[in-house]
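Undergrad: Dropping in query-v3.cif, which is mmCIF, C-alpha atoms:
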```cif
data_protein
#
loop_
_atom_site.group_PDB
_atom_site.id
_atom_site.type_symbol
_atom_site.label_atom_id
_atom_site.label_comp_id
_atom_site.auth_asym_id
_atom_site.auth_seq_id
_atom_site.Cartn_x
_atom_site.Cartn_y
_atom_site.Cartn_z
ATOM 1 C CA MET A 593 164.695 -67.863 199.906
ATOM 2 C CA TYR A 594 161.687 -69.134 201.839
ATOM 3 C CA SER A 595 161.968 -72.281 203.854
ATOM 4 C CA THR A 596 160.104 -75.294 202.528
ATOM 5 C CA ASP A 597 159.946 -76.979 205.948
ATOM 6 C CA THR A 598 156.290 -76.715 206.887
ATOM 7 C CA ALA A 599 156.045 -79.596 209.335
ATOM 8 C CA ASN A 600 155.824 -77.332 212.358
ATOM 9 C CA ALA A 601 153.681 -74.605 210.718
ATOM 10 C CA PRO A 602 150.031 -74.570 211.752
ATOM 11 C CA THR A 603 148.772 -73.276 208.429
ATOM 12 C CA THR A 604 150.532 -72.535 205.150
ATOM 13 C CA ALA A 605 149.771 -70.737 201.906
ATOM 14 C CA LEU A 606 151.525 -71.109 198.506
ATOM 15 C CA ILE A 607 153.229 -68.044 197.023
ATOM 16 C CA THR A 608 154.949 -67.572 193.670
ATOM 17 C CA THR A 609 158.599 -66.408 193.505
ATOM 18 C CA LYS A 610 160.221 -64.443 190.699
ATOM 19 C CA ARG A 611 161.351 -67.667 189.022
ATOM 20 C CA GLY A 612 157.811 -69.030 188.985
ATOM 21 C CA ARG A 613 158.402 -71.521 191.768
ATOM 22 C CA ARG A 614 155.554 -71.863 194.253
ATOM 23 C CA MET A 615 156.731 -71.922 197.844
ATOM 24 C CA PRO A 616 154.718 -72.241 201.069
ATOM 25 C CA ARG A 617 154.495 -69.251 203.377
ATOM 26 C CA ARG A 618 153.712 -69.500 207.041
ATOM 27 C CA ARG A 619 150.483 -68.020 208.287
ATOM 28 C CA SER A 620 150.088 -66.913 211.873
ATOM 29 C CA ALA A 621 148.060 -69.319 214.018
ATOM 30 C CA GLY A 622 147.371 -66.565 216.523
ATOM 31 C CA ARG A 623 145.756 -64.390 213.872
ATOM 32 C CA THR A 624 143.497 -67.256 212.809
ATOM 33 C CA SER A 625 142.384 -67.919 216.386
ATOM 34 C CA VAL A 626 141.660 -64.212 216.947
ATOM 35 C CA ARG A 627 139.510 -64.099 213.827
ATOM 36 C CA ALA A 628 137.632 -67.204 214.931
ATOM 37 C CA GLY A 629 137.081 -65.656 218.356
ATOM 38 C CA PHE A 630 135.719 -62.454 216.852
ATOM 39 C CA GLY A 631 133.422 -64.541 214.638
ATOM 40 C CA ARG A 632 132.023 -66.428 217.625
ATOM 41 C CA VAL A 633 131.509 -63.213 219.571
ATOM 42 C CA GLY A 634 129.761 -61.598 216.598
ATOM 43 C CA ARG A 635 127.435 -64.544 216.115
ATOM 44 C CA GLY A 636 126.671 -64.696 219.828
ATOM 45 C CA THR A 637 125.901 -60.971 219.934
ATOM 46 C CA LEU A 638 123.617 -61.293 216.921
ATOM 47 C CA TRP A 639 121.719 -64.163 218.522
ATOM 48 C CA LEU A 640 121.352 -62.201 221.765
ATOM 49 C CA LEU A 641 119.925 -59.222 219.865
ATOM 50 C CA VAL A 642 117.439 -61.444 218.026
ATOM 51 C CA LEU A 643 116.447 -63.166 221.279
ATOM 52 C CA ALA A 644 116.021 -59.837 223.067
ATOM 53 C CA GLY A 645 113.932 -58.393 220.235
ATOM 54 C CA THR A 646 111.695 -61.468 220.372
ATOM 55 C CA LEU A 647 111.270 -61.821 224.129
ATOM 56 C CA LEU A 648 111.235 -58.215 225.332
ATOM 57 C CA PRO A 649 107.730 -57.454 223.964
ATOM 58 C CA ILE A 650 106.361 -60.581 225.655
ATOM 59 C CA VAL A 651 108.111 -59.748 228.934
ATOM 60 C CA TYR A 652 106.769 -56.199 228.829
ATOM 61 C CA LEU A 653 103.263 -57.483 228.058
ATOM 62 C CA ILE A 654 103.425 -59.807 231.081
ATOM 63 C CA THR A 655 104.652 -56.964 233.302
ATOM 64 C CA LEU A 656 101.929 -54.671 231.994
ATOM 65 C CA SER A 657 99.213 -57.209 232.764
ATOM 66 C CA PHE A 658 100.209 -57.173 236.464
ATOM 67 C CA THR A 659 100.666 -53.374 236.725
ATOM 68 C CA PRO A 660 97.940 -51.233 238.318
ATOM 69 C CA GLN A 661 96.156 -48.877 235.952
ATOM 70 C CA SER A 662 97.232 -45.860 238.006
ATOM 71 C CA GLN A 663 100.913 -46.637 237.415
ATOM 72 C CA ILE A 664 100.367 -47.438 233.750
ATOM 73 C CA ALA A 665 98.981 -43.921 233.249
ATOM 74 C CA THR A 666 102.233 -42.425 234.589
ATOM 75 C CA GLY A 667 104.296 -44.235 231.964
ATOM 76 C CA ARG A 668 106.359 -46.293 234.420
ATOM 77 C CA ILE A 669 108.032 -49.301 232.857
ATOM 78 C CA VAL A 670 108.898 -51.062 236.135
ATOM 79 C CA PRO A 671 105.900 -51.007 238.527
ATOM 80 C CA ASP A 672 106.235 -50.428 242.263
ATOM 81 C CA GLU A 673 103.686 -53.129 242.991
ATOM 82 C CA LEU A 674 102.004 -55.999 241.198
ATOM 83 C CA THR A 675 98.303 -56.774 241.112
ATOM 84 C CA LEU A 676 95.890 -59.372 239.752
ATOM 85 C CA SER A 677 93.108 -56.850 239.267
ATOM 86 C CA ASN A 678 93.681 -56.655 235.505
ATOM 87 C CA TRP A 679 93.209 -60.403 235.113
ATOM 88 C CA THR A 680 90.125 -60.581 237.316
ATOM 89 C CA ALA A 681 88.561 -57.556 235.591
ATOM 90 C CA MET A 682 89.294 -59.081 232.187
ATOM 91 C CA TRP A 683 87.636 -62.394 233.130
ATOM 92 C CA ASP A 684 84.603 -60.565 234.535
ATOM 93 C CA ARG A 685 84.281 -58.276 231.525
ATOM 94 C CA MET A 686 84.456 -60.788 228.672
ATOM 95 C CA PRO A 687 83.663 -64.498 228.212
ATOM 96 C CA ILE A 688 87.136 -65.267 226.951
ATOM 97 C CA LEU A 689 86.564 -69.016 226.579
ATOM 98 C CA LEU A 690 83.595 -68.401 224.283
ATOM 99 C CA TYR A 691 85.565 -65.913 222.216
ATOM 100 C CA ALA A 692 88.505 -68.330 222.013
ATOM 101 C CA LEU A 693 86.139 -71.061 220.789
ATOM 102 C CA ASN A 694 84.757 -68.726 218.121
ATOM 103 C CA SER A 695 88.270 -67.866 216.978
ATOM 104 C CA VAL A 696 89.303 -71.513 216.783
ATOM 105 C CA VAL A 697 86.162 -72.553 214.869
ATOM 106 C CA ALA A 698 86.537 -69.777 212.297
ATOM 107 C CA ALA A 699 90.294 -70.335 211.942
ATOM 108 C CA VAL A 700 90.072 -74.125 211.523
ATOM 109 C CA LEU A 701 87.142 -73.984 209.092
ATOM 110 C CA GLY A 702 88.869 -71.321 206.997
ATOM 111 C CA CYS A 703 92.129 -73.276 207.036
ATOM 112 C CA VAL A 704 90.497 -76.494 205.805
ATOM 113 C CA LEU A 705 88.602 -74.681 203.064
ATOM 114 C CA SER A 706 91.730 -72.824 201.913
ATOM 115 C CA LEU A 707 93.778 -76.040 201.763
ATOM 116 C CA VAL A 708 91.142 -77.899 199.726
ATOM 117 C CA ILE A 709 90.766 -75.133 197.136
ATOM 118 C CA ALA A 710 94.472 -74.288 197.047
ATOM 119 C CA THR A 711 95.465 -77.933 196.502
ATOM 120 C CA LEU A 712 93.286 -78.121 193.395
ATOM 121 C CA VAL A 713 94.533 -74.766 192.079
ATOM 122 C CA ALA A 714 98.190 -75.505 192.776
ATOM 123 C CA PHE A 715 97.915 -78.947 191.158
ATOM 124 C CA ALA A 716 96.340 -77.453 188.030
ATOM 125 C CA ILE A 717 99.050 -74.783 187.804
ATOM 126 C CA ALA A 718 102.015 -77.064 188.548
ATOM 127 C CA ARG A 719 101.026 -80.014 186.394
ATOM 128 C CA TYR A 720 98.782 -78.703 183.621
ATOM 129 C CA ARG A 721 100.037 -75.087 183.472
ATOM 130 C CA THR A 722 96.445 -73.902 183.643
ATOM 131 C CA GLY A 723 96.203 -70.217 182.850
ATOM 132 C CA GLY A 724 99.778 -70.080 181.571
ATOM 133 C CA GLY A 725 101.843 -67.433 183.301
ATOM 134 C CA PHE A 726 98.815 -65.253 184.029
ATOM 135 C CA LEU A 727 96.992 -67.389 186.597
ATOM 136 C CA PRO A 728 99.785 -67.560 189.243
ATOM 137 C CA VAL A 729 100.256 -63.794 189.034
ATOM 138 C CA TYR A 730 96.491 -63.243 189.274
ATOM 139 C CA VAL A 731 96.221 -65.503 192.323
ATOM 140 C CA LEU A 732 98.936 -63.588 194.175
ATOM 141 C CA ALA A 733 97.516 -60.244 193.054
ATOM 142 C CA SER A 734 94.212 -61.144 194.672
ATOM 143 C CA PHE A 735 95.999 -61.401 198.015
ATOM 144 C CA VAL A 736 98.030 -58.222 197.549
ATOM 145 C CA ALA A 737 94.842 -56.205 197.013
ATOM 146 C CA PRO A 738 93.575 -54.445 200.185
ATOM 147 C CA PRO A 739 91.030 -56.589 202.041
ATOM 148 C CA VAL A 740 88.765 -53.553 202.421
ATOM 149 C CA VAL A 741 87.832 -53.977 198.756
ATOM 150 C CA ALA A 742 86.156 -57.330 199.446
ATOM 151 C CA ILE A 743 84.421 -56.489 202.726
ATOM 152 C CA ILE A 744 81.163 -55.084 201.321
ATOM 153 C CA PRO A 745 80.372 -57.834 198.754
ATOM 154 C CA LEU A 746 81.336 -60.575 201.215
ATOM 155 C CA PHE A 747 79.162 -59.021 203.922
ATOM 156 C CA PHE A 748 76.117 -58.931 201.651
ATOM 157 C CA LEU A 749 76.847 -62.498 200.543
ATOM 158 C CA LEU A 750 76.906 -63.726 204.132
ATOM 159 C CA ARG A 751 73.767 -61.756 204.956
ATOM 160 C CA ALA A 752 71.974 -63.492 202.082
ATOM 161 C CA LEU A 753 73.097 -66.821 203.549
ATOM 162 C CA GLU A 754 72.118 -65.688 207.073
ATOM 163 C CA LEU A 755 75.651 -66.272 208.373
ATOM 164 C CA THR A 756 76.616 -62.749 209.408
ATOM 165 C CA ASN A 757 76.732 -63.411 213.162
ATOM 166 C CA SER A 758 78.289 -66.843 212.964
ATOM 167 C CA PRO A 759 81.908 -68.065 213.194
ATOM 168 C CA ILE A 760 81.015 -70.424 210.340
ATOM 169 C CA GLY A 761 80.352 -67.493 208.027
ATOM 170 C CA LEU A 762 83.606 -65.870 209.121
ATOM 171 C CA GLY A 763 85.400 -69.147 208.429
ATOM 172 C CA LEU A 764 84.009 -69.156 204.876
ATOM 173 C CA ILE A 765 85.482 -65.700 204.326
ATOM 174 C CA TYR A 766 88.842 -66.790 205.699
ATOM 175 C CA GLY A 767 88.807 -69.833 203.441
ATOM 176 C CA LEU A 768 88.310 -67.711 200.333
ATOM 177 C CA VAL A 769 90.656 -64.874 201.257
ATOM 178 C CA ASN A 770 93.699 -67.052 202.038
ATOM 179 C CA VAL A 771 93.491 -69.285 198.968
ATOM 180 C CA ALA A 772 96.179 -67.181 197.283
ATOM 181 C CA VAL A 773 98.667 -67.655 200.133
ATOM 182 C CA ALA A 774 97.994 -71.380 200.374
ATOM 183 C CA THR A 775 98.379 -71.796 196.601
ATOM 184 C CA ALA A 776 101.706 -69.972 196.550
ATOM 185 C CA LEU A 777 102.994 -72.162 199.393
ATOM 186 C CA LEU A 778 101.722 -75.487 198.017
ATOM 187 C CA GLU A 779 102.842 -75.107 194.421
ATOM 188 C CA PRO A 780 106.585 -75.729 195.146
ATOM 189 C CA PHE A 781 105.683 -78.880 197.090
ATOM 190 C CA ILE A 782 103.686 -80.267 194.145
ATOM 191 C CA GLU A 783 106.449 -79.426 191.665
ATOM 192 C CA ARG A 784 108.893 -81.366 193.847
ATOM 193 C CA ILE A 785 106.850 -84.582 193.541
ATOM 194 C CA PRO A 786 108.241 -86.735 190.658
ATOM 195 C CA VAL A 787 105.986 -86.732 187.629
ATOM 196 C CA GLU A 788 106.878 -90.372 186.965
ATOM 197 C CA LEU A 789 104.746 -91.467 189.921
ATOM 198 C CA GLU A 790 101.697 -89.827 188.411
ATOM 199 C CA GLU A 791 102.446 -91.267 184.992
ATOM 200 C CA ALA A 792 102.681 -94.748 186.497
ATOM 201 C CA ALA A 793 99.276 -94.295 188.130
ATOM 202 C CA GLN A 794 97.796 -93.095 184.828
ATOM 203 C CA ILE A 795 99.208 -96.144 183.063
ATOM 204 C CA ASP A 796 97.369 -98.295 185.605
ATOM 205 C CA GLY A 797 94.143 -96.566 184.566
ATOM 206 C CA ALA A 798 93.824 -93.804 187.177
ATOM 207 C CA GLY A 799 92.349 -90.507 186.031
ATOM 208 C CA PRO A 800 93.593 -87.035 187.024
ATOM 209 C CA VAL A 801 91.388 -86.829 190.129
ATOM 210 C CA ARG A 802 92.246 -90.359 191.283
ATOM 211 C CA THR A 803 95.938 -89.685 190.634
ATOM 212 C CA MET A 804 95.876 -86.523 192.703
ATOM 213 C CA ILE A 805 94.037 -88.176 195.601
ATOM 214 C CA SER A 806 96.001 -91.439 195.614
ATOM 215 C CA VAL A 807 99.485 -90.231 194.668
ATOM 216 C CA VAL A 808 99.887 -86.482 195.115
ATOM 217 C CA VAL A 809 97.982 -85.852 198.345
ATOM 218 C CA PRO A 810 99.824 -88.517 200.454
ATOM 219 C CA LEU A 811 103.169 -87.109 199.322
ATOM 220 C CA LEU A 812 101.910 -83.580 199.935
ATOM 221 C CA VAL A 813 101.210 -84.101 203.647
ATOM 222 C CA PRO A 814 104.331 -82.211 204.920
ATOM 223 C CA GLY A 815 103.450 -79.248 202.722
ATOM 224 C CA LEU A 816 99.800 -79.352 203.809
ATOM 225 C CA ILE A 817 100.809 -79.334 207.478
ATOM 226 C CA ALA A 818 103.265 -76.453 207.068
ATOM 227 C CA THR A 819 100.831 -74.409 204.979
ATOM 228 C CA GLY A 820 97.955 -75.212 207.314
ATOM 229 C CA ILE A 821 99.844 -73.895 210.343
ATOM 230 C CA ILE A 822 100.592 -70.609 208.593
ATOM 231 C CA ILE A 823 97.010 -70.173 207.386
ATOM 232 C CA LEU A 824 95.669 -71.104 210.808
ATOM 233 C CA ILE A 825 97.718 -68.381 212.490
ATOM 234 C CA LEU A 826 96.637 -65.824 209.891
ATOM 235 C CA ASN A 827 92.979 -66.676 210.479
ATOM 236 C CA TYR A 828 93.331 -66.667 214.250
ATOM 237 C CA ASN A 829 94.880 -63.176 214.312
ATOM 238 C CA GLU A 830 92.569 -61.550 211.741
ATOM 239 C CA LEU A 831 90.593 -58.499 212.890
ATOM 240 C CA LEU A 832 89.118 -56.542 209.967
ATOM 241 C CA PHE A 833 86.659 -59.125 208.609
ATOM 242 C CA ALA A 834 85.701 -60.290 212.100
ATOM 243 C CA LEU A 835 84.980 -56.730 213.185
ATOM 244 C CA THR A 836 82.738 -56.180 210.156
ATOM 245 C CA VAL A 837 80.894 -59.490 209.899
ATOM 246 C CA LEU A 838 80.301 -60.317 213.568
ATOM 247 C CA GLN A 839 77.751 -57.998 215.188
ATOM 248 C CA SER A 840 76.491 -59.829 218.288
ATOM 249 C CA ASN A 841 78.541 -60.174 221.483
ATOM 250 C CA GLU A 842 78.224 -63.969 221.521
ATOM 251 C CA SER A 843 79.857 -64.363 218.104
ATOM 252 C CA GLN A 844 82.955 -62.189 218.696
ATOM 253 C CA THR A 845 86.469 -63.506 218.248
ATOM 254 C CA LEU A 846 89.455 -62.767 220.478
ATOM 255 C CA PRO A 847 91.007 -59.985 218.318
ATOM 256 C CA VAL A 848 87.666 -58.154 218.257
ATOM 257 C CA ALA A 849 87.200 -58.609 222.003
ATOM 258 C CA ILE A 850 90.668 -57.228 222.724
ATOM 259 C CA SER A 851 89.954 -54.142 220.645
ATOM 260 C CA LEU A 852 86.874 -53.429 222.784
ATOM 261 C CA PHE A 853 89.064 -52.497 225.763
ATOM 262 C CA GLN A 854 89.602 -49.146 224.084
ATOM 263 C CA GLY A 855 86.746 -46.882 225.121
ATOM 264 C CA ASP A 856 85.782 -43.220 224.909
ATOM 265 C CA ARG A 857 87.313 -42.366 228.269
ATOM 266 C CA GLY A 858 90.592 -44.179 227.859
ATOM 267 C CA VAL A 859 92.289 -47.481 227.185
ATOM 268 C CA GLN A 860 92.465 -50.227 229.784
ATOM 269 C CA PHE A 861 96.030 -51.213 228.953
ATOM 270 C CA GLY A 862 96.385 -53.662 231.823
ATOM 271 C CA GLN A 863 93.225 -55.566 230.939
ATOM 272 C CA MET A 864 94.139 -55.454 227.263
ATOM 273 C CA ALA A 865 97.565 -56.923 228.061
ATOM 274 C CA ALA A 866 95.966 -59.718 230.097
ATOM 275 C CA ALA A 867 93.517 -60.510 227.295
ATOM 276 C CA SER A 868 96.344 -60.450 224.740
ATOM 277 C CA LEU A 869 98.349 -62.950 226.775
ATOM 278 C CA ALA A 870 95.303 -65.184 227.092
ATOM 279 C CA ALA A 871 94.888 -65.047 223.321
ATOM 280 C CA ILE A 872 98.585 -65.738 222.665
ATOM 281 C CA ILE A 873 98.748 -68.869 224.819
ATOM 282 C CA PRO A 874 96.882 -71.196 222.378
ATOM 283 C CA VAL A 875 99.059 -70.013 219.485
ATOM 284 C CA TYR A 876 102.265 -70.678 221.425
ATOM 285 C CA ILE A 877 101.085 -74.109 222.515
ATOM 286 C CA ALA A 878 100.214 -75.024 218.924
ATOM 287 C CA ALA A 879 103.558 -73.657 217.695
ATOM 288 C CA VAL A 880 105.508 -75.712 220.237
ATOM 289 C CA PHE A 881 103.761 -78.971 219.341
ATOM 290 C CA MET A 882 103.763 -78.345 215.572
ATOM 291 C CA GLN A 883 107.237 -76.806 215.279
ATOM 292 C CA ARG A 884 108.952 -79.876 213.885
ATOM 293 C CA TYR A 885 106.189 -80.348 211.293
ATOM 294 C CA LEU A 886 106.410 -76.695 210.269
ATOM 295 C CA VAL A 887 110.203 -76.659 209.909
ATOM 296 C CA GLY A 888 110.282 -80.077 208.284
ATOM 297 C CA GLY A 889 107.544 -79.189 205.831
ATOM 298 C CA LEU A 890 109.083 -75.879 204.790
ATOM 299 C CA THR A 891 112.526 -77.491 204.441
ATOM 300 C CA SER A 892 111.056 -80.308 202.360
ATOM 301 C CA GLY A 893 109.412 -77.819 200.029
ATOM 302 C CA ALA A 894 112.546 -75.693 199.709
ATOM 303 C CA ILE A 895 114.785 -78.555 198.541
ATOM 304 C CA LYS A 896 114.354 -79.480 194.892
#
```
Take the structure in this file and express it as structure tokens.

TA:
Amino acid sequence: MYSTDTANAPTTALITTKRGRRMPRRRSAGRTSVRAGFGRVGRGTLWLLVLAGTLLPIVYLITLSFTPQSQIATGRIVPDELTLSNWTAMWDRMPILLYALNSVVAAVLGCVLSLVIATLVAFAIARYRTGGGFLPVYVLASFVAPPVVAIIPLFFLLRALELTNSPIGLGLIYGLVNVAVATALLEPFIERIPVELEEAAQIDGAGPVRTMISVVVPLLVPGLIATGIIILILNYNELLFALTVLQSNESQTLPVAISLFQGDRGVQFGQMAAASLAAIIPVYIAAVFMQRYLVGGLTSGAIK
């Protein structure tokens, strides 16, 4: 017979006897605390591994930027001495501020263009089911296709417009290429907006365009911010189109400039690390200031 006095038991569980009576059984408090301790240790270890995997490449890049080229060639991870020669040589070799400005202009212009087109496409798909089930698949398929396929026609198009050596022309390419990603990210945000608000605006006499501008776009601001940050980072880090379209030294972007540190006689790893850190800094600053908008926007779009 099991005791029914459970006043002093930390945790209890009901069991069934042979007669069908359900009686409480004592459960060890020590076992529960051990399991909780193992769970905390496991979660802490997992977070440490994620943090190490995220920070170690940045730490190594910083160390590499202050390591002399002679020690880099030997494969040493921890240098015997530190030097600023990589940073000074990088500043003397490339106009990094000009390249950063070119990258920002192309990235921002492409981001704005992608958001404008993607908002119209996502609104047509979410509200009017334009294209049925084929159009959303086709939009995503256009992004899955290798970008090399579009390089030649886009290059000749920009050459006809005389925008080959201009960040503006590169921004136009970015705006067209990333429409698929922006559409896929914005469509859930539009579907989350109540249709009744649009119907009320239409009853008041607003047309589809006026309804989208007056009702949908203000409610879509969190999604536009979150999508814009993602598209902006994609544009800022892009290399293939920039390497093909931009021919003059004055029009280069930061990814193209960093790739130029690899020459016929070797790779200037220290200078490349310094240039990479200089290129990363604006992205990290933007991520820190826009983090709450990014997380809030993605969370808002994920909740139906």

Undergrad: With all atoms listed in the file counted and 8 Å as the cut-off, give the residues of segment 808-856 of chain A in contact with segment 779-784 of chain A, each with its shortest interatomic distance in Å and the pair that gives it, as JSON lines.

TA:
```
{"residue": "A:Val808", "atom": "CA", "partner": "A:Ile782", "partner_atom": "CA", "distance": 7.3}
{"residue": "A:Leu812", "atom": "CA", "partner": "A:Phe781", "partner_atom": "CA", "distance": 6.7}
{"residue": "A:Gly815", "atom": "CA", "partner": "A:Phe781", "partner_atom": "CA", "distance": 6.1}
```

Undergrad: Report as an MDAnalysis selection string the residues that result from applying the PyMOL selection byres ((chain A and resi 859-865) around 9) to the structure here.

TA: chainID A and resid 653:661 664:665 677:682 850:858 866:870

Undergrad: Rounded to one decimal, what separation in Å do you get between atom CA of Asn770 of chain A and atom CA of Val642 of chain A?

TA: 29.2 Å

Undergrad: Point out the residue among A:Leu693, A:Ile795, A:Ala774, A:Met882 with the least atom-to-atom distance to Tyr828 of chain A, counting only C-alpha atoms.

TA: A:Leu693

Undergrad: My list of candidates is A:Ala698, A:Val713, A:Leu689, A:Met804. Which is closest to Glu790 of chain A when distances are computed with all atoms listed in the file?

TA: A:Met804

Undergrad: So what do you get for atom CA of Val700 of chain A versus atom CA of Leu826 of chain A, distance-wise?

TA: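 Taking atom CA of Val700 of chain A and atom CA of Leu826 of chain A, their separation equals 10.7 Å.
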
Undergrad: Take the PyMOL selection byres ((chain A and resi 688) around 10), run it mentally on this structure, and tell me the resulting residues as number ranges by chain.

TA: A: 682-687, 689-694, 844-846, 849-850, 867, 870-871

Undergrad: Which distance in Å separates atom CA of Glu788 of chain A and atom CA of Pro728 of chain A, to one decimal?

TA: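 Spanning atom CA of Glu788 of chain A to atom CA of Pro728 of chain A is a straight-line distance of 24.0 Å.
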
Undergrad: As JSON, numbers by chain, please: the residues near Phe833 of chain A (cut-off 12 Å, all atoms listed in the file, same-chain neighbours under 2 positions excluded).

TA: {"A": [698, 738, 739, 740, 741, 742, 743, 744, 745, 746, 747, 750, 756, 757, 759, 761, 762, 763, 764, 765, 766, 769, 827, 828, 829, 830, 831, 835, 836, 837, 838, 839, 844, 845, 847, 848]}

Undergrad: Smallest atom-to-atom distance to Ala733 of chain A: which of A:Val633, A:Ala776, A:Leu641, A:Val813, using all atoms listed in the file?

TA: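 Of all the options, A:Ala776 lies closest to Ala733 of chain A.
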
Undergrad: Which residues, named as in the file, does the PyMOL selection byres ((chain A and resi 777) around 12) pick out? Answer as a JSON list (two decimals) with C-alpha atoms, keeping the file's coordinate frame.

TA:
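Dumped to out_26.json:
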```json
[["chain", "number", "residue", "atom", "x", "y", "z"],
["A", 706, "SER", "CA", 91.73, -72.82, 201.91],
["A", 707, "LEU", "CA", 93.78, -76.04, 201.76],
["A", 710, "ALA", "CA", 94.47, -74.29, 197.05],
["A", 711, "THR", "CA", 95.46, -77.93, 196.50],
["A", 713, "VAL", "CA", 94.53, -74.77, 192.08],
["A", 714, "ALA", "CA", 98.19, -75.50, 192.78],
["A", 715, "PHE", "CA", 97.92, -78.95, 191.16],
["A", 718, "ALA", "CA", 102.02, -77.06, 188.55],
["A", 728, "PRO", "CA", 99.78, -67.56, 189.24],
["A", 731, "VAL", "CA", 96.22, -65.50, 192.32],
["A", 732, "LEU", "CA", 98.94, -63.59, 194.18],
["A", 770, "ASN", "CA", 93.70, -67.05, 202.04],
["A", 771, "VAL", "CA", 93.49, -69.28, 198.97],
["A", 772, "ALA", "CA", 96.18, -67.18, 197.28],
["A", 773, "VAL", "CA", 98.67, -67.66, 200.13],
["A", 774, "ALA", "CA", 97.99, -71.38, 200.37],
["A", 775, "THR", "CA", 98.38, -71.80, 196.60],
["A", 776, "ALA", "CA", 101.71, -69.97, 196.55],
["A", 778, "LEU", "CA", 101.72, -75.49, 198.02],
["A", 779, "GLU", "CA", 102.84, -75.11, 194.42],
["A", 780, "PRO", "CA", 106.58, -75.73, 195.15],
["A", 781, "PHE", "CA", 105.68, -78.88, 197.09],
["A", 782, "ILE", "CA", 103.69, -80.27, 194.14],
["A", 783, "GLU", "CA", 106.45, -79.43, 191.66],
["A", 812, "LEU", "CA", 101.91, -83.58, 199.94],
["A", 814, "PRO", "CA", 104.33, -82.21, 204.92],
["A", 815, "GLY", "CA", 103.45, -79.25, 202.72],
["A", 816, "LEU", "CA", 99.80, -79.35, 203.81],
["A", 817, "ILE", "CA", 100.81, -79.33, 207.48],
["A", 818, "ALA", "CA", 103.26, -76.45, 207.07],
["A", 819, "THR", "CA", 100.83, -74.41, 204.98],
["A", 820, "GLY", "CA", 97.96, -75.21, 207.31],
["A", 821, "ILE", "CA", 99.84, -73.90, 210.34],
["A", 822, "ILE", "CA", 100.59, -70.61, 208.59],
["A", 823, "ILE", "CA", 97.01, -70.17, 207.39],
["A", 889, "GLY", "CA", 107.54, -79.19, 205.83],
["A", 890, "LEU", "CA", 109.08, -75.88, 204.79],
["A", 892, "SER", "CA", 111.06, -80.31, 202.36],
["A", 893, "GLY", "CA", 109.41, -77.82, 200.03],
["A", 894, "ALA", "CA", 112.55, -75.69, 199.71]]
```

Undergrad: Would you mind writing segment 862-871 of chain A with N, CA, C and O atoms, as a PDB file, in the frame of the given file?

TA:
```
ATOM      1  N   GLY A 862      96.119 -52.468 231.031  1.00  0.00           N
ATOM      2  CA  GLY A 862      96.385 -53.662 231.823  1.00  0.00           C
ATOM      3  C   GLY A 862      95.463 -54.808 231.466  1.00  0.00           C
ATOM      4  O   GLY A 862      95.901 -55.951 231.288  1.00  0.00           O
ATOM      5  N   GLN A 863      94.164 -54.525 231.330  1.00  0.00           N
ATOM      6  CA  GLN A 863      93.225 -55.566 230.939  1.00  0.00           C
ATOM      7  C   GLN A 863      93.465 -56.025 229.506  1.00  0.00           C
ATOM      8  O   GLN A 863      93.319 -57.212 229.189  1.00  0.00           O
ATOM      9  N   MET A 864      93.836 -55.087 228.645  1.00  0.00           N
ATOM     10  CA  MET A 864      94.139 -55.454 227.263  1.00  0.00           C
ATOM     11  C   MET A 864      95.375 -56.357 227.192  1.00  0.00           C
ATOM     12  O   MET A 864      95.424 -57.309 226.406  1.00  0.00           O
ATOM     13  N   ALA A 865      96.375 -56.077 228.026  1.00  0.00           N
ATOM     14  CA  ALA A 865      97.565 -56.923 228.061  1.00  0.00           C
ATOM     15  C   ALA A 865      97.226 -58.318 228.563  1.00  0.00           C
ATOM     16  O   ALA A 865      97.709 -59.328 228.027  1.00  0.00           O
ATOM     17  N   ALA A 866      96.374 -58.406 229.592  1.00  0.00           N
ATOM     18  CA  ALA A 866      95.966 -59.718 230.097  1.00  0.00           C
ATOM     19  C   ALA A 866      95.189 -60.501 229.050  1.00  0.00           C
ATOM     20  O   ALA A 866      95.412 -61.713 228.858  1.00  0.00           O
ATOM     21  N   ALA A 867      94.274 -59.831 228.347  1.00  0.00           N
ATOM     22  CA  ALA A 867      93.517 -60.510 227.295  1.00  0.00           C
ATOM     23  C   ALA A 867      94.423 -60.923 226.140  1.00  0.00           C
ATOM     24  O   ALA A 867      94.231 -61.993 225.543  1.00  0.00           O
ATOM     25  N   SER A 868      95.412 -60.102 225.819  1.00  0.00           N
ATOM     26  CA  SER A 868      96.344 -60.450 224.740  1.00  0.00           C
ATOM     27  C   SER A 868      97.163 -61.686 225.098  1.00  0.00           C
ATOM     28  O   SER A 868      97.386 -62.562 224.260  1.00  0.00           O
ATOM     29  N   LEU A 869      97.608 -61.764 226.346  1.00  0.00           N
ATOM     30  CA  LEU A 869      98.349 -62.950 226.775  1.00  0.00           C
ATOM     31  C   LEU A 869      97.466 -64.190 226.739  1.00  0.00           C
ATOM     32  O   LEU A 869      97.917 -65.274 226.335  1.00  0.00           O
ATOM     33  N   ALA A 870      96.218 -64.048 227.156  1.00  0.00           N
ATOM     34  CA  ALA A 870      95.303 -65.184 227.092  1.00  0.00           C
ATOM     35  C   ALA A 870      95.061 -65.638 225.657  1.00  0.00           C
ATOM     36  O   ALA A 870      94.875 -66.828 225.393  1.00  0.00           O
ATOM     37  N   ALA A 871      95.082 -64.691 224.722  1.00  0.00           N
ATOM     38  CA  ALA A 871      94.888 -65.047 223.321  1.00  0.00           C
ATOM     39  C   ALA A 871      96.157 -65.640 222.709  1.00  0.00           C
ATOM     40  O   ALA A 871      96.089 -66.452 221.773  1.00  0.00           O
TER      41      ALA A 871
END
```
